[in-house]
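> Structure: my_file_6.cif, mmCIF, C-alpha atoms.
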data_work
#
loop_
_atom_site.label_atom_id
_atom_site.label_comp_id
_atom_site.auth_asym_id
_atom_site.auth_seq_id
_atom_site.Cartn_x
_atom_site.Cartn_y
_atom_site.Cartn_z
CA MET F 1 -4.73 22.13 -6.97
CA SER F 2 -7.72 20.80 -8.88
CA ASP F 3 -11.01 19.73 -7.32
CA LEU F 4 -10.50 16.35 -5.70
CA GLN F 5 -12.48 13.49 -7.20
CA ASP F 6 -14.36 11.46 -4.58
CA PRO F 7 -11.73 11.75 -1.81
CA PHE F 8 -12.06 9.39 1.14
CA ILE F 9 -8.91 10.36 3.07
CA VAL F 10 -7.00 13.54 2.25
CA GLY F 11 -3.35 14.33 2.90
CA GLU F 12 -1.06 17.16 1.84
CA LYS F 13 0.21 15.63 -1.42
CA CYS F 14 -2.25 12.87 -2.12
CA TYR F 15 -5.66 11.58 -1.31
CA LEU F 16 -7.09 8.09 -1.07
CA ARG F 17 -10.35 7.13 -2.70
CA ALA F 18 -12.25 4.00 -3.63
CA LEU F 19 -10.84 2.10 -6.56
CA LYS F 20 -13.17 2.69 -9.51
CA GLU F 21 -14.03 0.45 -12.41
CA SER F 22 -12.53 3.09 -14.72
CA ASP F 23 -9.16 2.56 -12.96
CA LEU F 24 -8.96 -1.01 -14.22
CA SER F 25 -7.66 -0.25 -17.68
CA GLY F 26 -4.82 1.75 -19.14
CA ASP F 27 -2.12 2.72 -16.67
CA TYR F 28 -3.08 0.21 -13.97
CA VAL F 29 -2.65 -2.76 -16.31
CA SER F 30 0.66 -1.29 -17.49
CA TRP F 31 1.93 -0.99 -13.91
CA LEU F 32 1.23 -4.65 -13.21
CA ASN F 33 3.07 -5.70 -16.35
CA ASP F 34 6.11 -3.49 -15.62
CA PHE F 35 8.95 -5.41 -13.95
CA GLU F 36 10.34 -2.28 -12.27
CA VAL F 37 6.97 -1.61 -10.62
CA THR F 38 6.25 -5.20 -9.55
CA ARG F 39 9.80 -6.24 -8.70
CA TYR F 40 9.07 -6.35 -4.96
CA LEU F 41 5.40 -7.37 -5.23
CA GLU F 42 3.47 -10.61 -5.42
CA VAL F 43 1.84 -9.51 -8.67
CA GLY F 44 3.76 -9.41 -11.92
CA ARG F 45 4.63 -13.09 -12.05
CA LYS F 46 2.15 -13.56 -14.88
CA PRO F 47 0.61 -11.07 -17.29
CA SER F 48 -2.26 -8.88 -16.14
CA THR F 49 -5.13 -7.95 -18.44
CA PRO F 50 -8.24 -5.81 -18.04
CA GLU F 51 -10.14 -9.09 -17.52
CA THR F 52 -7.89 -10.31 -14.69
CA LEU F 53 -8.12 -6.90 -13.05
CA ARG F 54 -11.90 -7.00 -13.39
CA ALA F 55 -12.01 -10.39 -11.62
CA PHE F 56 -9.77 -8.97 -8.86
CA PHE F 57 -12.03 -5.90 -8.55
CA ASP F 58 -15.14 -8.10 -8.28
CA ASP F 59 -13.51 -10.25 -5.57
CA LEU F 60 -12.36 -7.14 -3.74
CA ASN F 61 -15.90 -5.76 -3.57
CA LYS F 62 -17.09 -9.03 -1.97
CA SER F 63 -14.33 -9.08 0.66
CA SER F 64 -15.07 -8.14 4.26
CA ASN F 65 -11.46 -8.39 5.41
CA ARG F 66 -9.70 -6.19 2.86
CA ILE F 67 -9.71 -2.50 1.99
CA LEU F 68 -8.03 -1.32 -1.20
CA LEU F 69 -7.87 2.38 -1.99
CA ALA F 70 -6.52 4.29 -4.96
CA ILE F 71 -3.72 6.77 -4.26
CA CYS F 72 -4.27 9.99 -6.23
CA ASP F 73 -2.00 12.99 -6.71
CA LYS F 74 -3.84 16.06 -5.35
CA ASP F 75 -2.33 18.35 -8.00
CA ASN F 76 -3.87 16.54 -10.97
CA ASN F 77 -6.22 13.85 -9.58
CA ARG F 78 -4.11 11.22 -11.33
CA HIS F 79 -4.37 7.67 -9.98
CA ILE F 80 -0.72 6.88 -9.18
CA GLY F 81 -0.98 3.74 -7.07
CA ASN F 82 -2.93 1.67 -4.58
CA ILE F 83 -2.74 0.91 -0.88
CA SER F 84 -4.49 -1.79 1.10
CA LEU F 85 -5.15 -3.30 4.46
CA ARG F 86 -5.51 -7.04 3.99
CA ASN F 87 -6.31 -10.03 6.16
CA ILE F 88 -8.10 -7.81 8.66
CA HIS F 89 -8.70 -9.97 11.72
CA PRO F 90 -11.69 -8.91 13.85
CA VAL F 91 -10.58 -10.69 17.04
CA HIS F 92 -6.85 -9.96 17.05
CA ARG F 93 -7.49 -6.55 15.46
CA ARG F 94 -4.57 -6.73 13.08
CA ALA F 95 -4.05 -6.34 9.36
CA ASP F 96 -1.21 -6.33 6.87
CA LEU F 97 -0.42 -3.37 4.67
CA GLY F 98 0.39 -3.42 0.98
CA ILE F 99 1.24 -0.53 -1.32
CA VAL F 100 2.28 0.13 -4.89
CA ILE F 101 3.16 3.42 -6.53
CA GLY F 102 2.70 2.44 -10.16
CA GLU F 103 3.49 5.80 -11.74
CA LYS F 104 7.28 5.84 -11.84
CA ALA F 105 7.29 9.64 -12.28
CA SER F 106 5.80 9.78 -8.76
CA TRP F 107 8.55 7.69 -7.14
CA GLY F 108 10.74 9.39 -4.56
CA LYS F 109 8.34 12.29 -4.02
CA GLY F 110 6.85 11.23 -0.68
CA PHE F 111 3.55 9.86 -1.98
CA GLY F 112 4.22 6.38 -0.61
CA SER F 113 5.13 7.63 2.86
CA GLU F 114 2.11 9.91 3.03
CA ALA F 115 -0.30 7.26 1.74
CA THR F 116 1.13 4.77 4.25
CA PHE F 117 0.65 7.22 7.12
CA LEU F 118 -2.92 7.99 5.99
CA MET F 119 -3.84 4.30 5.72
CA VAL F 120 -2.24 3.40 9.05
CA ASP F 121 -4.08 6.26 10.76
CA PHE F 122 -7.33 5.14 9.11
CA GLY F 123 -6.81 1.54 10.23
CA PHE F 124 -6.26 2.52 13.83
CA ARG F 125 -8.93 5.24 14.07
CA ARG F 126 -11.73 3.83 11.93
CA TRP F 127 -11.21 0.06 12.16
CA ASN F 128 -9.96 0.03 15.76
CA LEU F 129 -6.98 -2.11 14.75
CA HIS F 130 -4.33 -2.88 17.35
CA SER F 131 -1.45 -3.60 14.96
CA ILE F 132 -0.53 -3.32 11.30
CA TRP F 133 2.35 -5.29 9.85
CA LEU F 134 4.05 -5.75 6.51
CA GLY F 135 6.81 -7.65 4.78
CA VAL F 136 9.51 -5.84 2.78
CA LEU F 137 12.57 -7.17 1.00
CA THR F 138 15.73 -6.14 2.81
CA THR F 139 17.11 -4.91 -0.53
CA ASN F 140 14.20 -2.47 -0.96
CA ILE F 141 15.99 0.23 1.04
CA ALA F 142 13.67 3.09 -0.02
CA ALA F 143 10.60 1.19 1.20
CA VAL F 144 12.26 0.23 4.50
CA ARG F 145 13.11 3.90 5.11
CA ALA F 146 9.58 5.00 4.22
CA TYR F 147 8.06 2.49 6.64
CA GLU F 148 10.46 3.54 9.41
CA LYS F 149 9.49 7.17 8.73
CA CYS F 150 5.86 6.15 9.35
CA GLY F 151 6.76 4.49 12.67
CA PHE F 152 7.11 0.84 11.68
CA THR F 153 9.75 -1.10 13.57
CA LEU F 154 11.63 -4.24 12.63
CA ASP F 155 10.17 -7.37 14.22
CA GLY F 156 12.49 -9.84 12.54
CA THR F 157 13.83 -11.13 9.27
CA ASP F 158 12.62 -14.15 7.34
CA ARG F 159 15.73 -15.52 5.70
CA GLU F 160 15.60 -16.28 1.98
CA ALA F 161 11.81 -16.05 2.00
CA TRP F 162 11.25 -14.33 -1.37
CA TRP F 163 12.23 -15.39 -4.87
CA ALA F 164 13.08 -12.49 -7.22
CA ASP F 165 15.71 -11.67 -9.81
CA GLY F 166 16.88 -15.29 -9.97
CA GLN F 167 17.68 -15.62 -6.27
CA PHE F 168 16.15 -15.80 -2.82
CA HIS F 169 16.00 -12.63 -0.71
CA ASP F 170 15.55 -11.95 2.99
CA VAL F 171 12.30 -10.26 4.05
CA HIS F 172 11.96 -7.88 6.99
CA ARG F 173 8.75 -8.17 8.98
CA MET F 174 7.83 -4.76 10.32
CA SER F 175 4.90 -3.58 12.41
CA ILE F 176 3.39 -0.64 14.21
CA LEU F 177 1.01 -0.70 17.17
CA ALA F 178 -1.86 1.74 17.61
CA ARG F 179 -0.35 3.22 20.78
CA GLU F 180 2.96 3.83 18.97
CA HIS F 181 1.18 5.56 16.10
CA PHE F 182 -0.88 7.80 18.38
CA ALA F 183 2.20 8.71 20.45
CA ARG F 184 3.96 9.81 17.22
CA VAL F 185 0.92 11.83 16.13
CA GLN F 186 0.83 13.56 19.56
CA GLU F 187 4.50 14.55 19.21
CA LYS F 188 3.89 16.38 15.91
#
Reformat the file's structure so that it appears as structure tokens.

Amino acid sequence: MSDLQDPFIVGEKCYLRALKESDLSGDYVSWLNDFEVTRYLEVGRKPSTPETLRAFFDDLNKSSNRILLAICDKDNNRHIGNISLRNIHPVHRRADLGIVIGEKASWGKGFGSEATFLMVDFGFRRWNLHSIWLGVLTTNIAAVRAYEKCGFTLDGTDREAWWADGQFHDVHRMSILAREHFARVQEK
């Protein structure tokens, strides 16, 4: 394992750190322009450029209700994806989670599950959130399994709520409460 570069939250396989300006070019732009990577995401409906990423980065740094962190492979410090808590509500103490593993060579290796667990734990411990929710296409079986592995439960399904691949898809709404997360952590 190499020396970690500016880690904020450290897991077994990956660590989370602040997104850096140097992350905005190269691979990151390629991820957002790759249909396989963005198939289940809001991004990817129009081309991304270093300039559009720069504008996003600038807006992100001004936001008080969003945290976006880079996911890095501990073995090589490579930036392989991003994870975020968005729409953080200070009264209701809830947020929604978003994640992308852009490096396809890192798919199926547990990085997404570990990053999700790390971000959920961070949201509950450091931001005193009460609940974290997400939306996932019902056809994205790997993601549904990863979220279930992290303790998310199905709240309901929004029928034909997402347009992709020339058709509408159902979207599961899943959530986890702080008390559920901490009970799972205690069991381990």
> Could you work out how far CA of Ser113 in chain F lies from CA of Gly151 in chain F, giving the answer in Å with one decimal?
10.4 Å
> List as a ChimeraX atom specification the protein and nucleic acid residues near Ala55 in chain F, meaning an atom at most 12 Å away when only C-alpha atoms are counted, but skip any in the same chain fewer than 6 places from it.
/F:21,24,48-49,61-62
> Using only C-alpha atoms, which protein or nucleic acid residues come within 12 Å of Ala115 in chain F? Drop anything in the same chain fewer than 3 positions from it, and give the result as a PDB file with C-alpha atoms, in the frame of the given file.

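And here is the file that came out, result00.pdb:
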ATOM      1  CA  PHE F   8     -12.060   9.390   1.140  1.00  0.00           C
ATOM      2  CA  ILE F   9      -8.910  10.360   3.070  1.00  0.00           C
ATOM      3  CA  VAL F  10      -7.000  13.540   2.250  1.00  0.00           C
ATOM      4  CA  GLY F  11      -3.350  14.330   2.900  1.00  0.00           C
ATOM      5  CA  GLU F  12      -1.060  17.160   1.840  1.00  0.00           C
ATOM      6  CA  LYS F  13       0.210  15.630  -1.420  1.00  0.00           C
ATOM      7  CA  CYS F  14      -2.250  12.870  -2.120  1.00  0.00           C
ATOM      8  CA  TYR F  15      -5.660  11.580  -1.310  1.00  0.00           C
ATOM      9  CA  LEU F  16      -7.090   8.090  -1.070  1.00  0.00           C
ATOM     10  CA  ARG F  17     -10.350   7.130  -2.700  1.00  0.00           C
ATOM     11  CA  LEU F  68      -8.030  -1.320  -1.200  1.00  0.00           C
ATOM     12  CA  LEU F  69      -7.870   2.380  -1.990  1.00  0.00           C
ATOM     13  CA  ALA F  70      -6.520   4.290  -4.960  1.00  0.00           C
ATOM     14  CA  ILE F  71      -3.720   6.770  -4.260  1.00  0.00           C
ATOM     15  CA  CYS F  72      -4.270   9.990  -6.230  1.00  0.00           C
ATOM     16  CA  ASP F  73      -2.000  12.990  -6.710  1.00  0.00           C
ATOM     17  CA  LYS F  74      -3.840  16.060  -5.350  1.00  0.00           C
ATOM     18  CA  ILE F  80      -0.720   6.880  -9.180  1.00  0.00           C
ATOM     19  CA  GLY F  81      -0.980   3.740  -7.070  1.00  0.00           C
ATOM     20  CA  ASN F  82      -2.930   1.670  -4.580  1.00  0.00           C
ATOM     21  CA  ILE F  83      -2.740   0.910  -0.880  1.00  0.00           C
ATOM     22  CA  SER F  84      -4.490  -1.790   1.100  1.00  0.00           C
ATOM     23  CA  LEU F  85      -5.150  -3.300   4.460  1.00  0.00           C
ATOM     24  CA  LEU F  97      -0.420  -3.370   4.670  1.00  0.00           C
ATOM     25  CA  GLY F  98       0.390  -3.420   0.980  1.00  0.00           C
ATOM     26  CA  ILE F  99       1.240  -0.530  -1.320  1.00  0.00           C
ATOM     27  CA  VAL F 100       2.280   0.130  -4.890  1.00  0.00           C
ATOM     28  CA  ILE F 101       3.160   3.420  -6.530  1.00  0.00           C
ATOM     29  CA  LYS F 109       8.340  12.290  -4.020  1.00  0.00           C
ATOM     30  CA  GLY F 110       6.850  11.230  -0.680  1.00  0.00           C
ATOM     31  CA  PHE F 111       3.550   9.860  -1.980  1.00  0.00           C
ATOM     32  CA  GLY F 112       4.220   6.380  -0.610  1.00  0.00           C
ATOM     33  CA  LEU F 118      -2.920   7.990   5.990  1.00  0.00           C
ATOM     34  CA  MET F 119      -3.840   4.300   5.720  1.00  0.00           C
ATOM     35  CA  VAL F 120      -2.240   3.400   9.050  1.00  0.00           C
ATOM     36  CA  ASP F 121      -4.080   6.260  10.760  1.00  0.00           C
ATOM     37  CA  PHE F 122      -7.330   5.140   9.110  1.00  0.00           C
ATOM     38  CA  ALA F 146       9.580   5.000   4.220  1.00  0.00           C
ATOM     39  CA  TYR F 147       8.060   2.490   6.640  1.00  0.00           C
ATOM     40  CA  CYS F 150       5.860   6.150   9.350  1.00  0.00           C
TER      41      CYS F 150
END
> Which residues, named as in the file, does the PyMOL selection byres ((chain F and resi 155-167) around 10) pick out? Answer as a ChimeraX atom specification.
/F:39-42,45,133-138,152-154,168-176
> Could you take the residues named above and write them with C-alpha atoms, as a PDB file, in the frame of the given file?

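selection-v1.pdb written:
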ATOM      1  CA  ARG F  39       9.800  -6.240  -8.700  1.00  0.00           C
ATOM      2  CA  TYR F  40       9.070  -6.350  -4.960  1.00  0.00           C
ATOM      3  CA  LEU F  41       5.400  -7.370  -5.230  1.00  0.00           C
ATOM      4  CA  GLU F  42       3.470 -10.610  -5.420  1.00  0.00           C
ATOM      5  CA  ARG F  45       4.630 -13.090 -12.050  1.00  0.00           C
ATOM      6  CA  TRP F 133       2.350  -5.290   9.850  1.00  0.00           C
ATOM      7  CA  LEU F 134       4.050  -5.750   6.510  1.00  0.00           C
ATOM      8  CA  GLY F 135       6.810  -7.650   4.780  1.00  0.00           C
ATOM      9  CA  VAL F 136       9.510  -5.840   2.780  1.00  0.00           C
ATOM     10  CA  LEU F 137      12.570  -7.170   1.000  1.00  0.00           C
ATOM     11  CA  THR F 138      15.730  -6.140   2.810  1.00  0.00           C
ATOM     12  CA  PHE F 152       7.110   0.840  11.680  1.00  0.00           C
ATOM     13  CA  THR F 153       9.750  -1.100  13.570  1.00  0.00           C
ATOM     14  CA  LEU F 154      11.630  -4.240  12.630  1.00  0.00           C
ATOM     15  CA  PHE F 168      16.150 -15.800  -2.820  1.00  0.00           C
ATOM     16  CA  HIS F 169      16.000 -12.630  -0.710  1.00  0.00           C
ATOM     17  CA  ASP F 170      15.550 -11.950   2.990  1.00  0.00           C
ATOM     18  CA  VAL F 171      12.300 -10.260   4.050  1.00  0.00           C
ATOM     19  CA  HIS F 172      11.960  -7.880   6.990  1.00  0.00           C
ATOM     20  CA  ARG F 173       8.750  -8.170   8.980  1.00  0.00           C
ATOM     21  CA  MET F 174       7.830  -4.760  10.320  1.00  0.00           C
ATOM     22  CA  SER F 175       4.900  -3.580  12.410  1.00  0.00           C
ATOM     23  CA  ILE F 176       3.390  -0.640  14.210  1.00  0.00           C
TER      24      ILE F 176
END
> Calculate how many Å separate CA of Gln5 in chain F from CA of Asn33 in chain F, rounding to one decimal.
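Spanning CA of Gln5 in chain F to CA of Asn33 in chain F is a straight-line distance of 26.3 Å.
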> When the PyMOL selection byres ((chain F and resi 32) around 9) is applied to the file above, which residues end up in the set, as a ChimeraX atom specification?
/F:27-31,33-35,37-38,43-44,47-49,102
> Can you tell me how far CA of Trp107 in chain F sits from CA of Asp23 in chain F, in Å to one decimal?
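Separation of CA of Trp107 in chain F and CA of Asp23 in chain F: 19.3 Å.
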> Since the input has fewer atoms than a full residue there, write range 22-38 of chain F out with N, CA and C atoms, as a CSV table (one decimal), keeping the file's coordinate frame.

chain,number,residue,atom,x,y,z
F,22,SER,N,-13.3,2.4,-13.7
F,22,SER,CA,-12.5,3.1,-14.7
F,22,SER,C,-11.0,3.0,-14.5
F,23,ASP,N,-10.6,2.7,-13.3
F,23,ASP,CA,-9.2,2.6,-13.0
F,23,ASP,C,-8.6,1.3,-13.5
F,24,LEU,N,-9.4,0.3,-13.9
F,24,LEU,CA,-9.0,-1.0,-14.2
F,24,LEU,C,-8.3,-1.2,-15.6
F,25,SER,N,-8.3,-0.1,-16.4
F,25,SER,CA,-7.7,-0.2,-17.7
F,25,SER,C,-6.5,0.7,-17.8
F,26,GLY,N,-5.9,0.8,-18.9
F,26,GLY,CA,-4.8,1.8,-19.1
F,26,GLY,C,-3.6,1.6,-18.2
F,27,ASP,N,-3.3,2.7,-17.5
F,27,ASP,CA,-2.1,2.7,-16.7
F,27,ASP,C,-2.0,1.6,-15.7
F,28,TYR,N,-3.1,1.2,-15.0
F,28,TYR,CA,-3.1,0.2,-14.0
F,28,TYR,C,-2.6,-1.1,-14.5
F,29,VAL,N,-3.1,-1.5,-15.7
F,29,VAL,CA,-2.6,-2.8,-16.3
F,29,VAL,C,-1.2,-2.7,-16.7
F,30,SER,N,-0.8,-1.5,-17.2
F,30,SER,CA,0.7,-1.3,-17.5
F,30,SER,C,1.6,-1.4,-16.3
F,31,TRP,N,1.1,-0.9,-15.1
F,31,TRP,CA,1.9,-1.0,-13.9
F,31,TRP,C,2.2,-2.5,-13.6
F,32,LEU,N,1.1,-3.3,-13.6
F,32,LEU,CA,1.2,-4.6,-13.2
F,32,LEU,C,2.0,-5.5,-14.2
F,33,ASN,N,2.3,-5.0,-15.4
F,33,ASN,CA,3.1,-5.7,-16.4
F,33,ASN,C,4.5,-5.1,-16.5
F,34,ASP,N,4.8,-4.2,-15.6
F,34,ASP,CA,6.1,-3.5,-15.6
F,34,ASP,C,7.0,-4.1,-14.5
F,35,PHE,N,8.1,-4.7,-14.9
F,35,PHE,CA,9.0,-5.4,-14.0
F,35,PHE,C,9.5,-4.5,-12.9
F,36,GLU,N,9.8,-3.2,-13.3
F,36,GLU,CA,10.3,-2.3,-12.3
F,36,GLU,C,9.3,-2.0,-11.2
F,37,VAL,N,8.0,-1.9,-11.6
F,37,VAL,CA,7.0,-1.6,-10.6
F,37,VAL,C,6.7,-2.8,-9.7
F,38,THR,N,6.7,-4.0,-10.3
F,38,THR,CA,6.2,-5.2,-9.6
F,38,THR,C,7.4,-6.0,-9.0
